[in-house]
file final_7.csv (CSV, C-alpha atoms)
chain,number,residue,atom,x,y,z
A,1,GLY,CA,94.6,101.7,118.9
A,2,ALA,CA,94.4,100.7,115.2
A,3,VAL,CA,98.1,100.4,114.6
A,4,VAL,CA,99.3,99.1,111.2
A,5,SER,CA,102.9,98.0,110.9
A,6,GLN,CA,104.6,97.7,107.5
A,7,HIS,CA,107.9,95.9,107.0
A,8,PRO,CA,110.5,96.6,105.6
A,9,SER,CA,110.5,100.3,105.5
A,10,TRP,CA,113.1,100.5,102.8
A,11,VAL,CA,114.6,97.8,100.6
A,12,ILE,CA,117.1,98.0,97.8
A,13,CYS,CA,117.6,95.0,95.6
A,14,LYS,CA,118.9,93.9,92.3
A,15,SER,CA,116.8,93.7,89.2
A,16,GLY,CA,115.3,90.2,88.8
A,17,THR,CA,114.9,89.4,92.4
A,18,SER,CA,111.6,89.1,94.3
A,19,VAL,CA,110.7,91.3,97.3
A,20,LYS,CA,108.1,90.6,99.9
A,21,ILE,CA,106.4,93.4,101.9
A,22,GLU,CA,104.4,92.6,105.0
A,23,CYS,CA,101.5,94.5,106.4
A,24,ARG,CA,100.3,93.7,109.9
A,25,SER,CA,97.4,95.0,112.0
A,26,LEU,CA,98.9,95.0,115.5
A,27,ASP,CA,95.9,95.5,117.7
A,28,PHE,CA,92.9,94.7,115.6
A,29,GLN,CA,91.7,92.1,113.1
A,30,ALA,CA,91.6,93.5,109.6
A,31,THR,CA,89.0,91.9,107.3
A,32,THR,CA,90.2,94.2,104.5
A,33,MET,CA,93.6,95.4,103.5
A,34,PHE,CA,94.5,97.6,100.6
A,35,TRP,CA,97.7,98.0,98.8
A,36,TYR,CA,98.7,101.3,97.2
A,37,ARG,CA,101.5,102.7,95.2
A,38,GLN,CA,102.6,106.3,95.5
A,39,PHE,CA,104.9,108.2,93.2
A,40,PRO,CA,106.7,111.3,94.4
A,41,LYS,CA,104.3,114.1,95.1
A,42,GLN,CA,101.5,112.2,93.6
A,43,SER,CA,98.3,110.7,95.0
A,44,LEU,CA,97.8,107.1,96.1
A,45,MET,CA,97.2,104.6,93.4
A,46,LEU,CA,95.1,101.6,94.5
A,47,MET,CA,96.7,98.4,93.4
A,48,ALA,CA,94.5,95.8,94.9
A,49,THR,CA,92.0,95.0,97.7
A,50,SER,CA,92.8,92.0,99.8
A,51,ASN,CA,90.1,90.2,101.9
A,52,GLU,CA,91.1,87.6,104.4
A,53,GLY,CA,90.8,84.1,103.1
A,54,SER,CA,90.0,85.0,99.5
A,55,LYS,CA,91.8,86.1,96.4
A,56,ALA,CA,92.7,89.7,96.1
A,57,THR,CA,90.9,92.0,93.7
A,58,TYR,CA,93.3,93.8,91.4
A,59,GLU,CA,92.7,97.2,89.8
A,60,GLN,CA,92.8,97.5,86.1
A,61,GLY,CA,96.3,97.6,84.7
A,62,VAL,CA,97.9,95.9,87.8
A,63,GLU,CA,99.6,92.6,86.9
A,64,LYS,CA,98.4,89.9,89.2
A,65,ASP,CA,101.4,87.7,88.5
A,66,LYS,CA,103.8,90.5,89.1
A,67,PHE,CA,102.3,91.7,92.4
A,68,LEU,CA,101.3,88.7,94.4
A,69,ILE,CA,99.1,89.4,97.4
A,70,ASN,CA,98.4,87.0,100.2
A,71,HIS,CA,96.0,87.7,103.1
A,72,ALA,CA,96.3,84.5,105.0
A,73,SER,CA,95.1,85.8,108.4
A,74,LEU,CA,93.2,88.6,109.8
A,75,THR,CA,96.3,90.4,110.9
A,76,LEU,CA,98.7,89.8,108.0
A,77,SER,CA,98.8,90.6,104.3
A,78,THR,CA,101.8,90.4,102.1
A,79,LEU,CA,102.7,91.9,98.8
A,80,THR,CA,105.4,90.2,96.8
A,81,VAL,CA,106.9,92.0,93.8
A,82,THR,CA,108.2,89.2,91.6
A,83,SER,CA,111.1,89.6,89.2
A,84,ALA,CA,111.4,93.2,90.1
A,85,HIS,CA,112.7,95.8,87.6
A,86,PRO,CA,113.8,99.4,88.0
A,87,GLU,CA,110.3,100.6,86.9
A,88,ASP,CA,108.9,98.9,90.0
A,89,SER,CA,110.8,101.3,92.2
A,90,SER,CA,108.2,103.2,94.2
A,91,PHE,CA,106.7,103.7,97.5
A,92,TYR,CA,104.2,101.0,98.5
A,93,ILE,CA,101.7,101.6,101.2
A,94,CYS,CA,99.2,99.3,102.9
A,95,SER,CA,96.1,100.1,104.8
A,96,ALA,CA,93.9,97.9,107.0
A,97,GLY,CA,90.4,98.2,108.3
A,98,TRP,CA,87.4,96.3,109.7
A,99,GLY,CA,85.6,96.5,106.4
A,100,GLY,CA,82.1,98.0,105.9
A,101,ASN,CA,82.3,101.7,106.2
A,102,GLN,CA,85.0,101.9,108.8
A,103,PRO,CA,88.1,104.0,108.2
A,104,GLN,CA,91.3,102.6,106.9
A,105,HIS,CA,94.5,102.8,109.0
A,106,PHE,CA,97.8,103.1,107.2
A,107,GLY,CA,101.2,101.7,107.5
A,108,ASP,CA,104.3,103.8,107.2
A,109,GLY,CA,105.0,102.5,103.7
A,110,THR,CA,107.9,100.7,102.1
A,111,ARG,CA,110.3,102.4,99.8
A,112,LEU,CA,111.4,99.9,97.1
A,113,SER,CA,114.5,100.7,95.1
A,114,ILE,CA,115.4,98.3,92.3
A,115,LEU,CA,118.9,98.7,90.9
B,1,ALA,CA,81.6,104.4,88.8
B,2,GLN,CA,82.2,105.8,92.2
B,3,ARG,CA,84.6,108.8,92.1
B,4,VAL,CA,86.1,111.3,94.4
B,5,THR,CA,87.4,114.6,92.9
B,6,GLN,CA,89.5,117.3,94.5
B,7,PRO,CA,89.8,120.1,91.9
B,8,GLU,CA,92.8,121.8,93.4
B,9,LYS,CA,96.2,120.0,93.3
B,10,LEU,CA,97.8,122.8,95.2
B,11,LEU,CA,96.3,125.4,97.5
B,12,SER,CA,98.4,128.2,99.1
B,13,VAL,CA,97.1,130.5,101.8
B,14,PHE,CA,98.6,132.8,104.3
B,15,LYS,CA,98.8,132.0,108.0
B,16,GLY,CA,95.6,133.1,109.7
B,17,ALA,CA,93.5,133.1,106.5
B,18,PRO,CA,90.5,130.8,106.1
B,19,VAL,CA,91.0,127.7,104.1
B,20,GLU,CA,88.6,125.4,102.2
B,21,LEU,CA,89.7,122.2,100.5
B,22,LYS,CA,87.1,121.0,98.1
B,23,CYS,CA,85.9,117.5,97.6
B,24,ASN,CA,83.1,116.1,95.5
B,25,TYR,CA,81.9,112.6,95.1
B,26,SER,CA,79.7,110.5,92.9
B,27,TYR,CA,77.8,107.7,94.6
B,28,SER,CA,74.2,106.9,94.5
B,29,GLY,CA,73.8,105.3,97.9
B,30,SER,CA,74.5,106.7,101.4
B,31,PRO,CA,78.1,107.6,101.4
B,32,GLU,CA,80.6,107.3,104.2
B,33,LEU,CA,83.2,110.1,103.7
B,34,PHE,CA,86.6,110.8,105.3
B,35,TRP,CA,89.4,113.2,105.2
B,36,TYR,CA,92.9,111.9,105.6
B,37,VAL,CA,96.1,114.0,106.0
B,38,GLN,CA,99.7,113.2,105.3
B,39,TYR,CA,102.3,115.4,106.9
B,40,SER,CA,105.8,115.5,105.4
B,41,ARG,CA,107.6,112.2,106.0
B,42,GLN,CA,104.7,110.7,108.0
B,43,ARG,CA,102.0,108.1,107.3
B,44,LEU,CA,98.5,108.9,106.2
B,45,GLN,CA,96.3,109.4,109.1
B,46,LEU,CA,92.6,109.9,109.5
B,47,LEU,CA,91.6,113.5,110.1
B,48,LEU,CA,87.9,113.2,110.4
B,49,ARG,CA,84.8,111.3,109.2
B,50,HIS,CA,81.5,112.8,108.4
B,51,ILE,CA,79.4,110.8,110.8
B,52,SER,CA,81.3,111.9,113.8
B,53,ARG,CA,80.6,115.6,113.1
B,54,GLU,CA,83.6,116.6,115.1
B,55,SER,CA,86.2,119.3,114.7
B,56,ILE,CA,89.8,118.0,114.6
B,57,LYS,CA,92.7,120.5,114.8
B,58,GLY,CA,90.2,123.2,114.0
B,59,PHE,CA,89.0,121.5,110.8
B,60,THR,CA,85.4,120.7,110.1
B,61,ALA,CA,83.7,119.1,107.1
B,62,ASP,CA,80.0,119.0,106.3
B,63,LEU,CA,78.4,116.5,104.0
B,64,ASN,CA,76.1,118.2,101.4
B,65,LYS,CA,74.2,115.4,99.7
B,66,GLY,CA,72.5,117.8,97.3
B,67,GLU,CA,75.8,119.1,96.0
B,68,THR,CA,77.5,115.7,96.7
B,69,SER,CA,80.3,117.6,98.4
B,70,PHE,CA,82.3,117.1,101.6
B,71,HIS,CA,84.5,120.2,101.7
B,72,LEU,CA,87.1,120.6,104.5
B,73,LYS,CA,87.3,124.0,106.2
B,74,LYS,CA,89.3,125.8,108.8
B,75,PRO,CA,88.7,129.4,109.7
B,76,PHE,CA,92.3,130.3,110.5
B,77,ALA,CA,95.1,128.3,108.9
B,78,GLN,CA,98.3,127.6,110.7
B,79,GLU,CA,101.7,126.8,109.2
B,80,GLU,CA,101.6,123.3,110.8
B,81,ASP,CA,98.5,122.6,108.6
B,82,SER,CA,100.8,122.4,105.6
B,83,ALA,CA,100.3,118.8,104.3
B,84,MET,CA,98.7,116.7,101.7
B,85,TYR,CA,95.0,116.2,102.2
B,86,TYR,CA,92.9,113.3,100.7
B,87,CYS,CA,89.2,113.0,100.6
B,88,ALA,CA,87.9,109.4,100.6
B,89,LEU,CA,84.7,107.6,100.0
B,90,SER,CA,83.8,104.2,101.5
B,91,TYR,CA,81.1,101.9,100.3
B,92,GLY,CA,80.8,98.2,101.0
B,93,GLN,CA,84.3,96.8,101.1
B,94,ASN,CA,85.6,99.6,98.8
B,95,PHE,CA,87.6,102.7,99.6
B,96,VAL,CA,88.1,105.3,97.0
B,97,PHE,CA,90.6,108.2,97.4
B,98,GLY,CA,90.6,111.5,95.7
B,99,PRO,CA,93.8,112.7,94.0
B,100,GLY,CA,94.7,114.9,97.0
B,101,THR,CA,95.3,118.6,97.6
B,102,ARG,CA,98.6,119.9,98.8
B,103,LEU,CA,98.0,122.7,101.3
B,104,SER,CA,100.7,125.2,101.8
B,105,VAL,CA,100.3,127.7,104.6
B,106,LEU,CA,102.6,130.6,104.1
B,107,PRO,CA,104.0,132.7,107.0
call {"tool": "encode", "arguments": {"input": "final_7.csv", "output": "structure tokens"}}
result
Amino acid sequence: GAVVSQHPSWVICKSGTSVKIECRSLDFQATTMFWYRQFPKQSLMLMATSNEGSKATYEQGVEKDKFLINHASLTLSTLTVTSAHPEDSSFYICSAGWGGNQPQHFGDGTRLSIL
Amino acid sequence: AQRVTQPEKLLSVFKGAPVELKCNYSYSGSPELFWYVQYSRQRLQLLLRHISRESIKGFTADLNKGETSFHLKKPFAQEEDSAMYYCALSYGQNFVFGPGTRLSVLP
């Protein structure tokens, strides 16, 4: 149980385009989803916390207008990288959980490459 | 602010040797602590949580509230234990990860 699916797993696109990444909890309802960014051989960097039905809470230094997060249902959260540039190239990971002090379950991540 | 620290970025041990990955946290309430592991080219997965008090893959971790620590231990390391290990603290709707420790078990 507690499977989190992230799609796409890898995307390559041109600079200036927008890219949407989906995070789905397949067999449970996730009240809280987190979005992370991970650079090679580095730790996870929390970007934002997404609660179903409310606005996401962004970490300091993360541009809200650049990284749009939507958590419209208890099983789906999306991250849209708007007007992507090469410096946005990274590995993006989502996690989902029941909230409270329950563990988070992770997706496989999305490798984003901006040309 | 709540923080999780893992002082070692890289820890190398020989196969069969004991291993301890350190984790300290700062939180004034009752913490919920976890260890996550990320093997090469795989997703992060939950290794263990402190309230379950179980041993997973030979690893154990004890919460020491006096020292605000939650160190991960294994008496005899195996090569397949080589991975990235993250300590995490949960409080309310928040989840805070430490910077991670890369464990390398040498043959």
call {"tool": "closest_residue", "arguments": {"input": "final_7.csv", "among": "B:Gly16, B:Gly29, B:Gly92, B:Gly66", "to": "chain A", "atoms": "only C-alpha atoms"}}
result
B:Gly92
call {"tool": "residues_around", "arguments": {"input": "final_7.csv", "residues": "Met45 (chain A)", "least_positions_apart": "6", "cutoff": "12 Å", "atoms": "only C-alpha atoms", "output": "count of residues only"}}
result
22
call {"tool": "closest_residue", "arguments": {"input": "final_7.csv", "among": "A:Ile21, A:Ala2, A:Leu44, A:Val11", "to": "chain B", "atoms": "all atoms listed in the file"}}
result
A:Leu44
call {"tool": "interface_residues", "arguments": {"input": "final_7.csv", "of": "chain A", "to": "chain B", "cutoff": "8 Å", "atoms": "only C-alpha atoms", "output": "PyMOL selection string"}}
result
chain A and resi 32+42-44+49+99-109
call {"tool": "closest_residue", "arguments": {"input": "final_7.csv", "among": "B:Ser69, B:Ser82, B:Ser40, B:Asn64", "to": "Gln6 (chain B)", "atoms": "only C-alpha atoms"}}
result
B:Ser69
call {"tool": "residues_around", "arguments": {"input": "final_7.csv", "residues": "Glu87 (chain A)", "least_positions_apart": "4", "cutoff": "10 Å", "atoms": "only C-alpha atoms", "output": "JSON, numbers by chain"}}
result
{"A": [15, 113, 114, 115]}
call {"tool": "write_last_selection", "arguments": {"input": "final_7.csv", "atoms": "C-alpha atoms", "output": "compact mmCIF listing (two decimals), in the frame of the given file"}}
result
# COMPACT_ATOMS: atom_id res chain seq x y z
CA SER A 15 116.80 93.70 89.20
CA SER A 113 114.50 100.70 95.10
CA ILE A 114 115.40 98.30 92.30
CA LEU A 115 118.90 98.70 90.90
call {"tool": "residues_near_point", "arguments": {"input": "final_7.csv", "point": "(73.8, 108.6, 96.3)", "cutoff": "10 Å", "atoms": "all atoms listed in the file", "output": "MDAnalysis selection string"}}
result
chainID B and resid 2 25:31 65:66 68
call {"tool": "atom_distance", "arguments": {"input": "final_7.csv", "atom1": "CA of Ala96 (chain A)", "atom2": "CA of Ala48 (chain A)"}}
result
12.3 Å
call {"tool": "residues_around", "arguments": {"input": "final_7.csv", "residues": "Pro75 (chain B)", "least_positions_apart": "3", "cutoff": "9 Å", "atoms": "all atoms listed in the file", "output": "PDB file with C-alpha atoms, in the frame of the given file"}}
result
ATOM      1  CA  GLY B  16      95.600 133.100 109.700  1.00  0.00           C
ATOM      2  CA  ALA B  17      93.500 133.100 106.500  1.00  0.00           C
ATOM      3  CA  PRO B  18      90.500 130.800 106.100  1.00  0.00           C
ATOM      4  CA  VAL B  19      91.000 127.700 104.100  1.00  0.00           C
ATOM      5  CA  GLU B  20      88.600 125.400 102.200  1.00  0.00           C
ATOM      6  CA  GLY B  58      90.200 123.200 114.000  1.00  0.00           C
ATOM      7  CA  PHE B  59      89.000 121.500 110.800  1.00  0.00           C
TER       8      PHE B  59
END
call {"tool": "atom_distance", "arguments": {"input": "final_7.csv", "atom1": "CA of Ala77 (chain B)", "atom2": "CA of Leu10 (chain B)"}}
result
15.0 Å
call {"tool": "closest_residue", "arguments": {"input": "final_7.csv", "among": "B:Val37, B:Leu106, B:Cys87, B:Phe14", "to": "His71 (chain B)", "atoms": "only C-alpha atoms"}}
result
B:Cys87
call {"tool": "closest_residue", "arguments": {"input": "final_7.csv", "among": "B:Thr5, B:Asn24, B:Gln78, B:Gln38", "to": "Pro107 (chain B)", "atoms": "only C-alpha atoms"}}
result
B:Gln78
call {"tool": "atom_distance", "arguments": {"input": "final_7.csv", "atom1": "CA of Asn51 (chain A)", "atom2": "CA of Cys13 (chain A)"}}
result
28.6 Å
call {"tool": "closest_residue", "arguments": {"input": "final_7.csv", "among": "B:Ile51, B:Tyr39, B:Leu21, B:Pro7", "to": "Lys74 (chain B)", "atoms": "all atoms listed in the file"}}
result
B:Leu21
call {"tool": "residues_around", "arguments": {"input": "final_7.csv", "residues": "Leu68 (chain A)", "least_positions_apart": "5", "cutoff": "9 Å", "atoms": "only C-alpha atoms", "output": "PyMOL selection string"}}
result
chain A and resi 20+56+63+78-82
call {"tool": "build_atoms", "arguments": {"input": "final_7.csv", "residues": "region 28-39 of chain A", "atoms": "all heavy atoms", "output": "PDB file, keeping the file's coordinate frame"}}
result
ATOM      1  N   PHE A  28      94.255  94.923 116.069  1.00  0.00           N
ATOM      2  CA  PHE A  28      92.900  94.700 115.600  1.00  0.00           C
ATOM      3  C   PHE A  28      92.927  93.663 114.483  1.00  0.00           C
ATOM      4  O   PHE A  28      93.982  93.411 113.883  1.00  0.00           O
ATOM      5  CB  PHE A  28      92.184  95.951 115.203  1.00  0.00           C
ATOM      6  CG  PHE A  28      92.726  96.578 113.941  1.00  0.00           C
ATOM      7  CD1 PHE A  28      92.077  96.412 112.722  1.00  0.00           C
ATOM      8  CD2 PHE A  28      93.886  97.350 113.965  1.00  0.00           C
ATOM      9  CE1 PHE A  28      92.566  96.997 111.560  1.00  0.00           C
ATOM     10  CE2 PHE A  28      94.388  97.934 112.812  1.00  0.00           C
ATOM     11  CZ  PHE A  28      93.729  97.759 111.606  1.00  0.00           C
ATOM     12  N   GLN A  29      91.784  93.090 114.215  1.00  0.00           N
ATOM     13  CA  GLN A  29      91.700  92.100 113.100  1.00  0.00           C
ATOM     14  C   GLN A  29      91.153  92.844 111.885  1.00  0.00           C
ATOM     15  O   GLN A  29      90.087  93.461 111.938  1.00  0.00           O
ATOM     16  CB  GLN A  29      90.777  90.972 113.513  1.00  0.00           C
ATOM     17  CG  GLN A  29      91.376  90.107 114.620  1.00  0.00           C
ATOM     18  CD  GLN A  29      90.519  88.903 114.928  1.00  0.00           C
ATOM     19  OE1 GLN A  29      89.297  88.965 114.871  1.00  0.00           O
ATOM     20  NE2 GLN A  29      91.148  87.789 115.251  1.00  0.00           N
ATOM     21  N   ALA A  30      91.919  92.757 110.821  1.00  0.00           N
ATOM     22  CA  ALA A  30      91.600  93.500 109.600  1.00  0.00           C
ATOM     23  C   ALA A  30      90.957  92.549 108.574  1.00  0.00           C
ATOM     24  O   ALA A  30      91.631  91.676 108.032  1.00  0.00           O
ATOM     25  CB  ALA A  30      92.819  94.146 109.028  1.00  0.00           C
ATOM     26  N   THR A  31      89.682  92.726 108.323  1.00  0.00           N
ATOM     27  CA  THR A  31      89.000  91.900 107.300  1.00  0.00           C
ATOM     28  C   THR A  31      89.435  92.355 105.899  1.00  0.00           C
ATOM     29  O   THR A  31      89.422  91.574 104.962  1.00  0.00           O
ATOM     30  CB  THR A  31      87.512  91.962 107.427  1.00  0.00           C
ATOM     31  OG1 THR A  31      87.109  93.343 107.413  1.00  0.00           O
ATOM     32  CG2 THR A  31      87.052  91.335 108.732  1.00  0.00           C
ATOM     33  N   THR A  32      89.797  93.612 105.781  1.00  0.00           N
ATOM     34  CA  THR A  32      90.200  94.200 104.500  1.00  0.00           C
ATOM     35  C   THR A  32      91.473  94.907 104.560  1.00  0.00           C
ATOM     36  O   THR A  32      91.682  95.695 105.485  1.00  0.00           O
ATOM     37  CB  THR A  32      89.075  95.133 103.968  1.00  0.00           C
ATOM     38  OG1 THR A  32      87.808  94.510 104.016  1.00  0.00           O
ATOM     39  CG2 THR A  32      89.361  95.564 102.543  1.00  0.00           C
ATOM     40  N   MET A  33      92.343  94.638 103.623  1.00  0.00           N
ATOM     41  CA  MET A  33      93.600  95.400 103.500  1.00  0.00           C
ATOM     42  C   MET A  33      93.723  95.879 102.079  1.00  0.00           C
ATOM     43  O   MET A  33      93.321  95.190 101.140  1.00  0.00           O
ATOM     44  CB  MET A  33      94.792  94.536 103.900  1.00  0.00           C
ATOM     45  CG  MET A  33      94.874  94.244 105.396  1.00  0.00           C
ATOM     46  SD  MET A  33      96.379  93.337 105.828  1.00  0.00           S
ATOM     47  CE  MET A  33      96.310  93.395 107.614  1.00  0.00           C
ATOM     48  N   PHE A  34      94.266  97.062 101.936  1.00  0.00           N
ATOM     49  CA  PHE A  34      94.500  97.600 100.600  1.00  0.00           C
ATOM     50  C   PHE A  34      95.965  97.862 100.397  1.00  0.00           C
ATOM     51  O   PHE A  34      96.699  98.200 101.316  1.00  0.00           O
ATOM     52  CB  PHE A  34      93.763  99.005 100.503  1.00  0.00           C
ATOM     53  CG  PHE A  34      92.264  98.926 100.609  1.00  0.00           C
ATOM     54  CD1 PHE A  34      91.639  99.025 101.837  1.00  0.00           C
ATOM     55  CD2 PHE A  34      91.480  98.773  99.481  1.00  0.00           C
ATOM     56  CE1 PHE A  34      90.248  98.965 101.946  1.00  0.00           C
ATOM     57  CE2 PHE A  34      90.102  98.710  99.578  1.00  0.00           C
ATOM     58  CZ  PHE A  34      89.490  98.803 100.798  1.00  0.00           C
ATOM     59  N   TRP A  35      96.365  97.707  99.160  1.00  0.00           N
ATOM     60  CA  TRP A  35      97.700  98.000  98.800  1.00  0.00           C
ATOM     61  C   TRP A  35      97.755  99.139  97.772  1.00  0.00           C
ATOM     62  O   TRP A  35      97.012  99.117  96.785  1.00  0.00           O
ATOM     63  CB  TRP A  35      98.426  96.764  98.189  1.00  0.00           C
ATOM     64  CG  TRP A  35      98.770  95.741  99.228  1.00  0.00           C
ATOM     65  CD1 TRP A  35      98.031  94.647  99.582  1.00  0.00           C
ATOM     66  CD2 TRP A  35      99.922  95.743 100.074  1.00  0.00           C
ATOM     67  NE1 TRP A  35      98.653  93.963 100.598  1.00  0.00           N
ATOM     68  CE2 TRP A  35      99.810  94.593 100.912  1.00  0.00           C
ATOM     69  CE3 TRP A  35     101.039  96.571 100.200  1.00  0.00           C
ATOM     70  CZ2 TRP A  35     100.787  94.284 101.863  1.00  0.00           C
ATOM     71  CZ3 TRP A  35     102.003  96.250 101.143  1.00  0.00           C
ATOM     72  CH2 TRP A  35     101.867  95.103 101.960  1.00  0.00           C
ATOM     73  N   TYR A  36      98.612 100.128  98.051  1.00  0.00           N
ATOM     74  CA  TYR A  36      98.700 101.300  97.200  1.00  0.00           C
ATOM     75  C   TYR A  36     100.139 101.495  96.738  1.00  0.00           C
ATOM     76  O   TYR A  36     101.094 101.048  97.372  1.00  0.00           O
ATOM     77  CB  TYR A  36      98.296 102.568  97.968  1.00  0.00           C
ATOM     78  CG  TYR A  36      96.883 102.577  98.480  1.00  0.00           C
ATOM     79  CD1 TYR A  36      96.569 102.039  99.722  1.00  0.00           C
ATOM     80  CD2 TYR A  36      95.861 103.158  97.735  1.00  0.00           C
ATOM     81  CE1 TYR A  36      95.274 102.054 100.206  1.00  0.00           C
ATOM     82  CE2 TYR A  36      94.562 103.183  98.221  1.00  0.00           C
ATOM     83  CZ  TYR A  36      94.278 102.630  99.450  1.00  0.00           C
ATOM     84  OH  TYR A  36      92.999 102.654  99.929  1.00  0.00           O
ATOM     85  N   ARG A  37     100.244 102.247  95.660  1.00  0.00           N
ATOM     86  CA  ARG A  37     101.500 102.700  95.200  1.00  0.00           C
ATOM     87  C   ARG A  37     101.500 104.191  95.098  1.00  0.00           C
ATOM     88  O   ARG A  37     100.473 104.769  94.708  1.00  0.00           O
ATOM     89  CB  ARG A  37     101.790 102.062  93.800  1.00  0.00           C
ATOM     90  CG  ARG A  37     103.175 102.220  93.265  1.00  0.00           C
ATOM     91  CD  ARG A  37     103.350 101.345  92.029  1.00  0.00           C
ATOM     92  NE  ARG A  37     104.644 101.606  91.436  1.00  0.00           N
ATOM     93  CZ  ARG A  37     105.129 100.947  90.391  1.00  0.00           C
ATOM     94  NH1 ARG A  37     104.407 100.000  89.816  1.00  0.00           N
ATOM     95  NH2 ARG A  37     106.309 101.229  89.910  1.00  0.00           N
ATOM     96  N   GLN A  38     102.574 104.821  95.513  1.00  0.00           N
ATOM     97  CA  GLN A  38     102.600 106.300  95.500  1.00  0.00           C
ATOM     98  C   GLN A  38     103.889 106.758  94.871  1.00  0.00           C
ATOM     99  O   GLN A  38     104.984 106.443  95.353  1.00  0.00           O
ATOM    100  CB  GLN A  38     102.460 106.835  96.915  1.00  0.00           C
ATOM    101  CG  GLN A  38     102.309 108.342  96.982  1.00  0.00           C
ATOM    102  CD  GLN A  38     102.093 108.859  98.391  1.00  0.00           C
ATOM    103  OE1 GLN A  38     102.645 108.327  99.347  1.00  0.00           O
ATOM    104  NE2 GLN A  38     101.287 109.897  98.539  1.00  0.00           N
ATOM    105  N   PHE A  39     103.768 107.549  93.812  1.00  0.00           N
ATOM    106  CA  PHE A  39     104.900 108.200  93.200  1.00  0.00           C
ATOM    107  C   PHE A  39     105.170 109.508  93.840  1.00  0.00           C
ATOM    108  O   PHE A  39     104.252 110.094  94.422  1.00  0.00           O
ATOM    109  CB  PHE A  39     104.687 108.297  91.683  1.00  0.00           C
ATOM    110  CG  PHE A  39     104.645 106.961  90.989  1.00  0.00           C
ATOM    111  CD1 PHE A  39     103.424 106.378  90.670  1.00  0.00           C
ATOM    112  CD2 PHE A  39     105.807 106.287  90.674  1.00  0.00           C
ATOM    113  CE1 PHE A  39     103.375 105.140  90.044  1.00  0.00           C
ATOM    114  CE2 PHE A  39     105.757 105.051  90.050  1.00  0.00           C
ATOM    115  CZ  PHE A  39     104.546 104.475  89.738  1.00  0.00           C
TER     116      PHE A  39
END
